[in-house]
$ cat entry-v5.pdb   # PDB, C-alpha atoms
MODEL        1
ATOM      1  CA  MET C 216      38.221  -8.762  78.242
ATOM      2  CA  ARG C 217      42.009  -8.624  78.591
ATOM      3  CA  VAL C 218      44.133  -9.889  75.691
ATOM      4  CA  LEU C 219      47.863 -10.447  75.248
ATOM      5  CA  VAL C 220      49.156 -10.148  71.683
ATOM      6  CA  ALA C 221      52.496 -11.942  71.262
ATOM      7  CA  GLU C 222      53.705 -11.199  67.727
ATOM      8  CA  ASP C 223      57.246 -10.404  66.596
ATOM      9  CA  VAL C 224      56.281  -8.306  63.561
ATOM     10  CA  GLU C 225      55.830  -4.992  65.330
ATOM     11  CA  ASP C 226      53.627  -3.344  62.700
ATOM     12  CA  LEU C 227      51.255  -6.322  62.697
ATOM     13  CA  ALA C 228      51.208  -6.512  66.496
ATOM     14  CA  THR C 229      50.405  -2.799  66.723
ATOM     15  CA  ALA C 230      47.668  -3.069  64.108
ATOM     16  CA  ILE C 231      46.063  -6.046  65.896
ATOM     17  CA  ALA C 232      46.207  -4.265  69.265
ATOM     18  CA  THR C 233      44.742  -1.047  67.854
ATOM     19  CA  GLY C 234      41.878  -2.934  66.233
ATOM     20  CA  LEU C 235      41.105  -4.997  69.334
ATOM     21  CA  ARG C 236      41.080  -1.871  71.516
ATOM     22  CA  ARG C 237      38.512  -0.374  69.161
ATOM     23  CA  GLU C 238      36.441  -3.489  69.863
ATOM     24  CA  GLY C 239      36.515  -2.667  73.567
ATOM     25  CA  MET C 240      39.270  -5.062  74.642
ATOM     26  CA  ALA C 241      42.191  -4.277  76.949
ATOM     27  CA  VAL C 242      45.337  -5.266  75.066
ATOM     28  CA  ASP C 243      49.016  -5.700  75.968
ATOM     29  CA  VAL C 244      51.686  -6.385  73.332
ATOM     30  CA  VAL C 245      54.986  -8.282  73.448
ATOM     31  CA  LEU C 246      57.377  -9.021  70.596
ATOM     32  CA  ASP C 247      59.096 -12.219  71.784
ATOM     33  CA  GLY C 248      58.401 -15.389  73.718
ATOM     34  CA  ALA C 249      60.415 -14.521  76.817
ATOM     35  CA  ALA C 250      58.466 -11.290  77.281
ATOM     36  CA  ALA C 251      55.217 -13.220  76.796
ATOM     37  CA  ILE C 252      56.111 -15.697  79.560
ATOM     38  CA  GLU C 253      57.138 -12.856  81.860
ATOM     39  CA  LEU C 254      53.810 -11.041  81.433
ATOM     40  CA  LEU C 255      51.806 -14.265  81.712
ATOM     41  CA  ASP C 256      53.457 -14.928  85.079
ATOM     42  CA  LEU C 257      52.322 -11.512  86.310
ATOM     43  CA  THR C 258      48.931 -10.985  84.678
ATOM     44  CA  SER C 259      45.837 -13.065  84.046
ATOM     45  CA  TYR C 260      44.650 -12.826  80.433
ATOM     46  CA  ASP C 261      41.381 -14.033  78.992
ATOM     47  CA  VAL C 262      42.940 -14.723  75.591
ATOM     48  CA  VAL C 263      46.508 -14.903  74.270
ATOM     49  CA  VAL C 264      46.924 -14.212  70.549
ATOM     50  CA  LEU C 265      50.148 -16.142  70.059
ATOM     51  CA  ASP C 266      52.388 -16.107  66.997
ATOM     52  CA  ARG C 267      53.817 -19.607  66.674
ATOM     53  CA  ASP C 268      57.187 -18.436  65.318
ATOM     54  CA  LEU C 269      58.225 -16.077  68.114
ATOM     55  CA  PRO C 270      61.949 -15.371  68.547
ATOM     56  CA  GLY C 271      63.752 -16.296  71.755
ATOM     57  CA  VAL C 272      61.285 -18.651  73.381
ATOM     58  CA  HIS C 273      59.315 -20.261  70.556
ATOM     59  CA  GLY C 274      55.532 -19.869  70.530
ATOM     60  CA  ASP C 275      55.163 -23.633  70.867
ATOM     61  CA  GLU C 276      57.016 -23.528  74.185
ATOM     62  CA  VAL C 277      54.908 -20.600  75.433
ATOM     63  CA  CYS C 278      51.804 -22.628  74.610
ATOM     64  CA  ARG C 279      53.185 -25.742  76.323
ATOM     65  CA  GLN C 280      53.924 -23.790  79.500
ATOM     66  CA  LEU C 281      50.418 -22.326  79.593
ATOM     67  CA  ALA C 282      48.919 -25.785  79.146
ATOM     68  CA  ALA C 283      51.167 -27.289  81.839
ATOM     69  CA  GLN C 284      50.189 -24.564  84.300
ATOM     70  CA  GLN C 285      46.505 -25.170  83.512
ATOM     71  CA  SER C 286      46.224 -21.456  82.969
ATOM     72  CA  GLY C 287      42.764 -20.021  82.499
ATOM     73  CA  SER C 288      44.046 -18.099  79.471
ATOM     74  CA  ARG C 289      42.719 -19.272  76.119
ATOM     75  CA  VAL C 290      45.236 -19.433  73.250
ATOM     76  CA  LEU C 291      44.591 -18.402  69.664
ATOM     77  CA  MET C 292      47.680 -19.427  67.706
ATOM     78  CA  LEU C 293      48.728 -17.455  64.633
ATOM     79  CA  THR C 294      51.098 -18.821  62.013
ATOM     80  CA  ALA C 295      52.109 -18.433  58.393
ATOM     81  CA  ALA C 296      51.889 -22.240  58.025
ATOM     82  CA  SER C 297      48.397 -23.369  57.096
ATOM     83  CA  THR C 298      48.516 -27.103  56.380
ATOM     84  CA  VAL C 299      46.278 -29.538  58.243
ATOM     85  CA  ARG C 300      49.360 -31.014  59.923
ATOM     86  CA  ASP C 301      50.393 -27.587  61.219
ATOM     87  CA  ARG C 302      46.905 -26.969  62.625
ATOM     88  CA  VAL C 303      46.842 -30.374  64.302
ATOM     89  CA  GLU C 304      50.267 -29.771  65.852
ATOM     90  CA  GLY C 305      49.243 -26.353  67.131
ATOM     91  CA  LEU C 306      46.052 -27.629  68.702
ATOM     92  CA  GLY C 307      47.950 -30.589  70.145
ATOM     93  CA  LEU C 308      50.199 -28.195  72.050
ATOM     94  CA  GLY C 309      47.190 -26.892  73.936
ATOM     95  CA  ALA C 310      46.010 -24.054  71.714
ATOM     96  CA  ASP C 311      42.254 -23.457  71.719
ATOM     97  CA  ASP C 312      42.108 -22.245  68.133
ATOM     98  CA  TYR C 313      44.373 -21.749  65.155
ATOM     99  CA  LEU C 314      44.359 -18.988  62.528
ATOM    100  CA  ALA C 315      46.623 -18.889  59.480
ATOM    101  CA  LYS C 316      48.191 -15.684  58.186
ATOM    102  CA  PRO C 317      47.067 -13.653  56.343
ATOM    103  CA  PHE C 318      43.723 -13.460  58.106
ATOM    104  CA  ASP C 319      40.640 -11.275  58.054
ATOM    105  CA  PHE C 320      40.492  -9.020  61.112
ATOM    106  CA  ALA C 321      36.755  -9.590  61.605
ATOM    107  CA  GLU C 322      37.419 -13.330  61.806
ATOM    108  CA  LEU C 323      40.174 -12.770  64.365
ATOM    109  CA  VAL C 324      37.795 -10.775  66.573
ATOM    110  CA  ALA C 325      35.053 -13.407  66.228
ATOM    111  CA  ARG C 326      37.429 -16.223  67.163
ATOM    112  CA  ILE C 327      38.810 -14.335  70.176
ATOM    113  CA  ARG C 328      35.303 -13.745  71.506
ATOM    114  CA  ALA C 329      34.293 -17.333  70.821
ATOM    115  CA  ILE C 330      37.162 -18.936  72.738
ATOM    116  CA  ALA C 331      36.876 -16.386  75.558
ATOM    117  CA  ARG C 332      33.323 -17.622  76.174
ATOM    118  CA  ARG C 333      34.285 -21.299  76.352
ATOM    119  CA  PRO C 334      35.048 -21.483  80.109
ATOM    120  CA  ALA C 335      31.470 -20.394  80.803
ATOM    121  CA  ALA C 336      29.893 -22.488  78.084
ATOM    122  CA  SER C 337      27.546 -24.136  80.533
ATOM    123  CA  LEU C 338      26.191 -20.743  81.540
ATOM    124  CA  SER C 339      23.924 -18.401  79.654
ATOM    125  CA  THR C 340      25.873 -16.248  77.212
ATOM    126  CA  VAL C 341      23.504 -13.371  78.055
ATOM    127  CA  LEU C 342      24.074 -11.574  81.370
ATOM    128  CA  GLU C 343      21.014 -10.337  83.253
ATOM    129  CA  HIS C 344      20.191  -8.382  86.396
ATOM    130  CA  GLY C 345      16.592  -7.317  86.903
ATOM    131  CA  ASP C 346      15.495  -5.484  83.763
ATOM    132  CA  LEU C 347      19.118  -5.089  82.616
ATOM    133  CA  THR C 348      20.371  -7.409  79.860
ATOM    134  CA  VAL C 349      23.875  -7.537  78.387
ATOM    135  CA  ASP C 350      24.704  -9.650  75.339
ATOM    136  CA  PRO C 351      28.536  -9.907  75.069
ATOM    137  CA  ALA C 352      28.421 -11.725  71.730
ATOM    138  CA  ARG C 353      26.437  -8.969  70.026
ATOM    139  CA  ARG C 354      27.984  -6.179  72.136
ATOM    140  CA  MET C 355      24.525  -4.909  73.042
ATOM    141  CA  ALA C 356      22.959  -3.837  76.340
ATOM    142  CA  PHE C 357      19.319  -3.150  77.174
ATOM    143  CA  ARG C 358      17.433  -1.859  80.179
ATOM    144  CA  GLY C 359      13.686  -2.122  80.351
ATOM    145  CA  GLY C 360      13.692  -3.021  76.655
ATOM    146  CA  ARG C 361      15.592   0.176  75.774
ATOM    147  CA  ARG C 362      18.927  -0.247  74.049
ATOM    148  CA  LEU C 363      21.776   1.518  75.836
ATOM    149  CA  ASP C 364      24.306   3.549  73.859
ATOM    150  CA  LEU C 365      27.528   2.532  75.649
ATOM    151  CA  SER C 366      31.139   3.255  74.795
ATOM    152  CA  PRO C 367      33.512   0.251  74.591
ATOM    153  CA  LYS C 368      34.884   0.929  78.089
ATOM    154  CA  GLU C 369      31.416   1.449  79.561
ATOM    155  CA  PHE C 370      30.268  -1.825  78.028
ATOM    156  CA  GLY C 371      33.404  -3.667  79.192
ATOM    157  CA  LEU C 372      33.064  -2.353  82.739
ATOM    158  CA  LEU C 373      29.370  -3.273  82.940
ATOM    159  CA  GLU C 374      30.042  -6.730  81.474
ATOM    160  CA  TYR C 375      32.823  -7.390  84.000
ATOM    161  CA  LEU C 376      30.715  -6.298  86.980
ATOM    162  CA  LEU C 377      27.801  -8.487  85.858
ATOM    163  CA  THR C 378      30.146 -11.457  85.370
ATOM    164  CA  ALA C 379      31.395 -10.957  88.938
ATOM    165  CA  GLY C 380      27.854 -11.459  90.235
ATOM    166  CA  HIS C 381      27.440  -9.770  93.615
ATOM    167  CA  ARG C 382      31.154  -9.775  94.378
ATOM    168  CA  VAL C 383      32.692  -6.392  95.199
ATOM    169  CA  VAL C 384      35.203  -5.482  92.474
ATOM    170  CA  SER C 385      37.948  -3.002  93.282
ATOM    171  CA  ALA C 386      38.832  -0.075  91.027
ATOM    172  CA  GLU C 387      42.290  -1.620  90.642
ATOM    173  CA  GLU C 388      40.826  -4.891  89.364
ATOM    174  CA  LEU C 389      38.577  -3.042  86.909
ATOM    175  CA  LEU C 390      41.539  -1.015  85.682
ATOM    176  CA  GLU C 391      43.510  -4.219  85.110
ATOM    177  CA  ARG C 392      40.724  -6.186  83.414
ATOM    178  CA  VAL C 393      38.969  -3.509  81.346
ATOM    179  CA  TRP C 394      41.902  -1.243  80.522
ATOM    180  CA  ASP C 395      45.502  -2.515  80.027
ATOM    181  CA  SER C 396      49.093  -2.118  81.193
ATOM    182  CA  ALA C 397      49.336   1.326  79.572
ATOM    183  CA  ALA C 398      46.724   2.680  82.003
ATOM    184  CA  ASP C 399      47.982   5.033  84.714
ATOM    185  CA  PRO C 400      47.345   3.301  88.075
ATOM    186  CA  PHE C 401      46.474   6.718  89.545
ATOM    187  CA  THR C 402      43.958   7.580  86.851
ATOM    188  CA  THR C 403      40.348   8.403  87.669
ATOM    189  CA  ALA C 404      39.189   6.596  84.508
ATOM    190  CA  VAL C 405      37.266   3.934  86.440
ATOM    191  CA  LYS C 406      35.437   6.476  88.595
ATOM    192  CA  GLN C 407      34.584   8.636  85.585
ATOM    193  CA  THR C 408      33.396   5.658  83.523
ATOM    194  CA  VAL C 409      31.193   4.424  86.380
ATOM    195  CA  ARG C 410      29.683   7.888  86.698
ATOM    196  CA  ARG C 411      28.816   8.063  82.981
ATOM    197  CA  LEU C 412      27.524   4.494  83.033
ATOM    198  CA  ARG C 413      25.197   5.216  85.948
ATOM    199  CA  VAL C 414      23.663   8.115  84.047
ATOM    200  CA  LYS C 415      23.027   5.906  81.010
ATOM    201  CA  LEU C 416      21.602   3.067  83.116
ATOM    202  CA  GLY C 417      19.135   5.363  84.823
ATOM    203  CA  ASP C 418      17.042   4.554  87.895
ATOM    204  CA  PRO C 419      16.829   2.580  90.044
ATOM    205  CA  PRO C 420      20.642   2.489  90.406
ATOM    206  CA  VAL C 421      22.348  -0.755  89.417
ATOM    207  CA  ILE C 422      25.980  -0.144  90.438
ATOM    208  CA  ARG C 423      26.708   0.277  94.128
ATOM    209  CA  THR C 424      29.822   1.951  95.491
ATOM    210  CA  VAL C 425      31.224   0.002  98.442
ATOM    211  CA  ARG C 426      33.270   2.281 100.644
ATOM    212  CA  GLU C 427      36.981   1.364 100.572
ATOM    213  CA  GLY C 428      36.035  -1.699  98.544
ATOM    214  CA  GLY C 429      35.022  -0.853  95.007
ATOM    215  CA  TYR C 430      31.877  -1.477  93.007
ATOM    216  CA  GLN C 431      29.150  -4.083  93.057
ATOM    217  CA  ILE C 432      26.091  -4.947  91.004
ATOM    218  CA  GLY C 433      22.960  -4.549  93.099
ATOM    219  CA  GLU C 434      20.224  -1.958  93.320
ATOM    220  CA  THR C 435      20.727   0.497  96.160
TER     221      THR C 435
ENDMDL
END
$ encode --input "entry-v5.pdb" --output "structure tokens"
Amino acid sequence: MRVLVAEDVEDLATAIATGLRREGMAVDVVLDGAAAIELLDLTSYDVVVLDRDLPGVHGDEVCRQLAAQQSGSRVLMLTAASTVRDRVEGLGLGADDYLAKPFDFAELVARIRAIARRPAASLSTVLEHGDLTVDPARRMAFRGGRRLDLSPKEFGLLEYLLTAGHRVVSAEELLERVWDSAADPFTTAVKQTVRRLRVKLGDPPVIRTVREGGYQIGET
């Protein structure tokens, strides 16, 4: 899952990003509304954690623009204001959820995951392929009834490939969706993570390498 954190208090933004990365999310950070709009024009995010009181371009305007563009990004609005009226106004702008500061980090993570699942609400929340089962909500993966011990990046990569169905996913797309903007575009991180993941998944192989294309779910 790729997340944009738009928060003008740098220490808070850094703390949120660090925590979300530990939860296996790819996170980019901006400190003002103009930078948020610029990144949103270039990158597709699953969730935007948006401070309502951003400097420059106000968070309300960022939210309005996302709603007007019918962006697929879900918005979790953060604000120091916590009255019912404030929440109603925030949701009326197009936000998908609203969290008042100060907040509990575990609740923030739960809300991000909840709104990220909403576009696929009509689908099963558990991803399956043969005897492989991935539960994004519980961050658990099983094969043949055996629980797999996956790192956050291994889990994120497997989840993304399963979500793509049988579509071939390029290494560049995986780097963008599972890592973040800090990732070196020339890194071998995707290749190395796929290699470790294949070992943990065991036989028969689940992830196919498509020459000059990328990776695909499907037994070889």
$ residues_around --input "entry-v5.pdb" --residues "Ala250 (chain C)" --least-positions-apart "3" --cutoff "12 Å" --atoms "all atoms listed in the file" --output "ChimeraX atom specification"
/C:219-223,243-247,253-257,269-274,277
$ closest_residue --input "entry-v5.pdb" --among "C:Arg392, C:Thr233, C:Arg362, C:Gly380" --to "Phe320 (chain C)" --atoms "all atoms listed in the file"
C:Thr233
$ closest_residue --input "entry-v5.pdb" --among "C:Ala249, C:Val262, C:Val383, C:Thr378" --to "Gln280 (chain C)" --atoms "only C-alpha atoms"
C:Ala249
$ residues_around --input "entry-v5.pdb" --residues "Leu416 (chain C)" --least-positions-apart "3" --cutoff "8 Å" --atoms "only C-alpha atoms" --output "number ranges by chain"
C: 358, 363, 412-413, 420-421
$ axis_aligned_box --input "entry-v5.pdb" --around "region 310-319 of chain C" --padding-each-side "6 Å" --output "AutoDock Vina command-line options"
--center_x 44.4 --center_y -17.7 --center_z 64.0 --size_x 19.6 --size_y 24.8 --size_z 27.4
$ resolve_selection --input "entry-v5.pdb" --expression "the PyMOL selection byres ((chain C and resi 295) around 9)" --output "MDAnalysis selection string"
chainID C and resid 266:268 293:294 296:297 314:317
$ closest_residue --input "entry-v5.pdb" --among "C:Ala228, C:Ala386, C:Ala331, C:Ile422" --to "Arg289 (chain C)" --atoms "only C-alpha atoms"
C:Ala331
$ resolve_selection --input "entry-v5.pdb" --expression "the PyMOL selection byres ((chain C and resi 339-354) around 9)" --output "count of residues only"
25
$ atom_distance --input "entry-v5.pdb" --atom1 "CA of Ala251 (chain C)" --atom2 "CA of Thr408 (chain C)"
29.6 Å
$ closest_residue --input "entry-v5.pdb" --among "C:Gln431, C:Val242, C:Phe401, C:Gln284" --to "Ala379 (chain C)" --atoms "only C-alpha atoms"
C:Gln431
$ atom_distance --input "entry-v5.pdb" --atom1 "CA of Gly234 (chain C)" --atom2 "CA of Ser286 (chain C)"
25.3 Å
$ resolve_selection --input "entry-v5.pdb" --expression "the PyMOL selection byres ((chain C and resi 291) around 8)" --output "list in words"
Val262, Val263, Val264, Leu265, Arg289, Val290, Met292, Leu293, Ala310, Asp311, Asp312, Tyr313, Leu314, Arg326 and Ile327 of chain C
$ atom_distance --input "entry-v5.pdb" --atom1 "CA of Asp395 (chain C)" --atom2 "CA of Thr424 (chain C)"
22.5 Å
$ closest_residue --input "entry-v5.pdb" --among "C:Gly417, C:Gly248, C:Gly309, C:Gly239" --to "Gly287 (chain C)" --atoms "only C-alpha atoms"
C:Gly309
$ closest_residue --input "entry-v5.pdb" --among "C:Leu323, C:Val405, C:Ala283, C:Val393" --to "Ala241 (chain C)" --atoms "all atoms listed in the file"
C:Val393
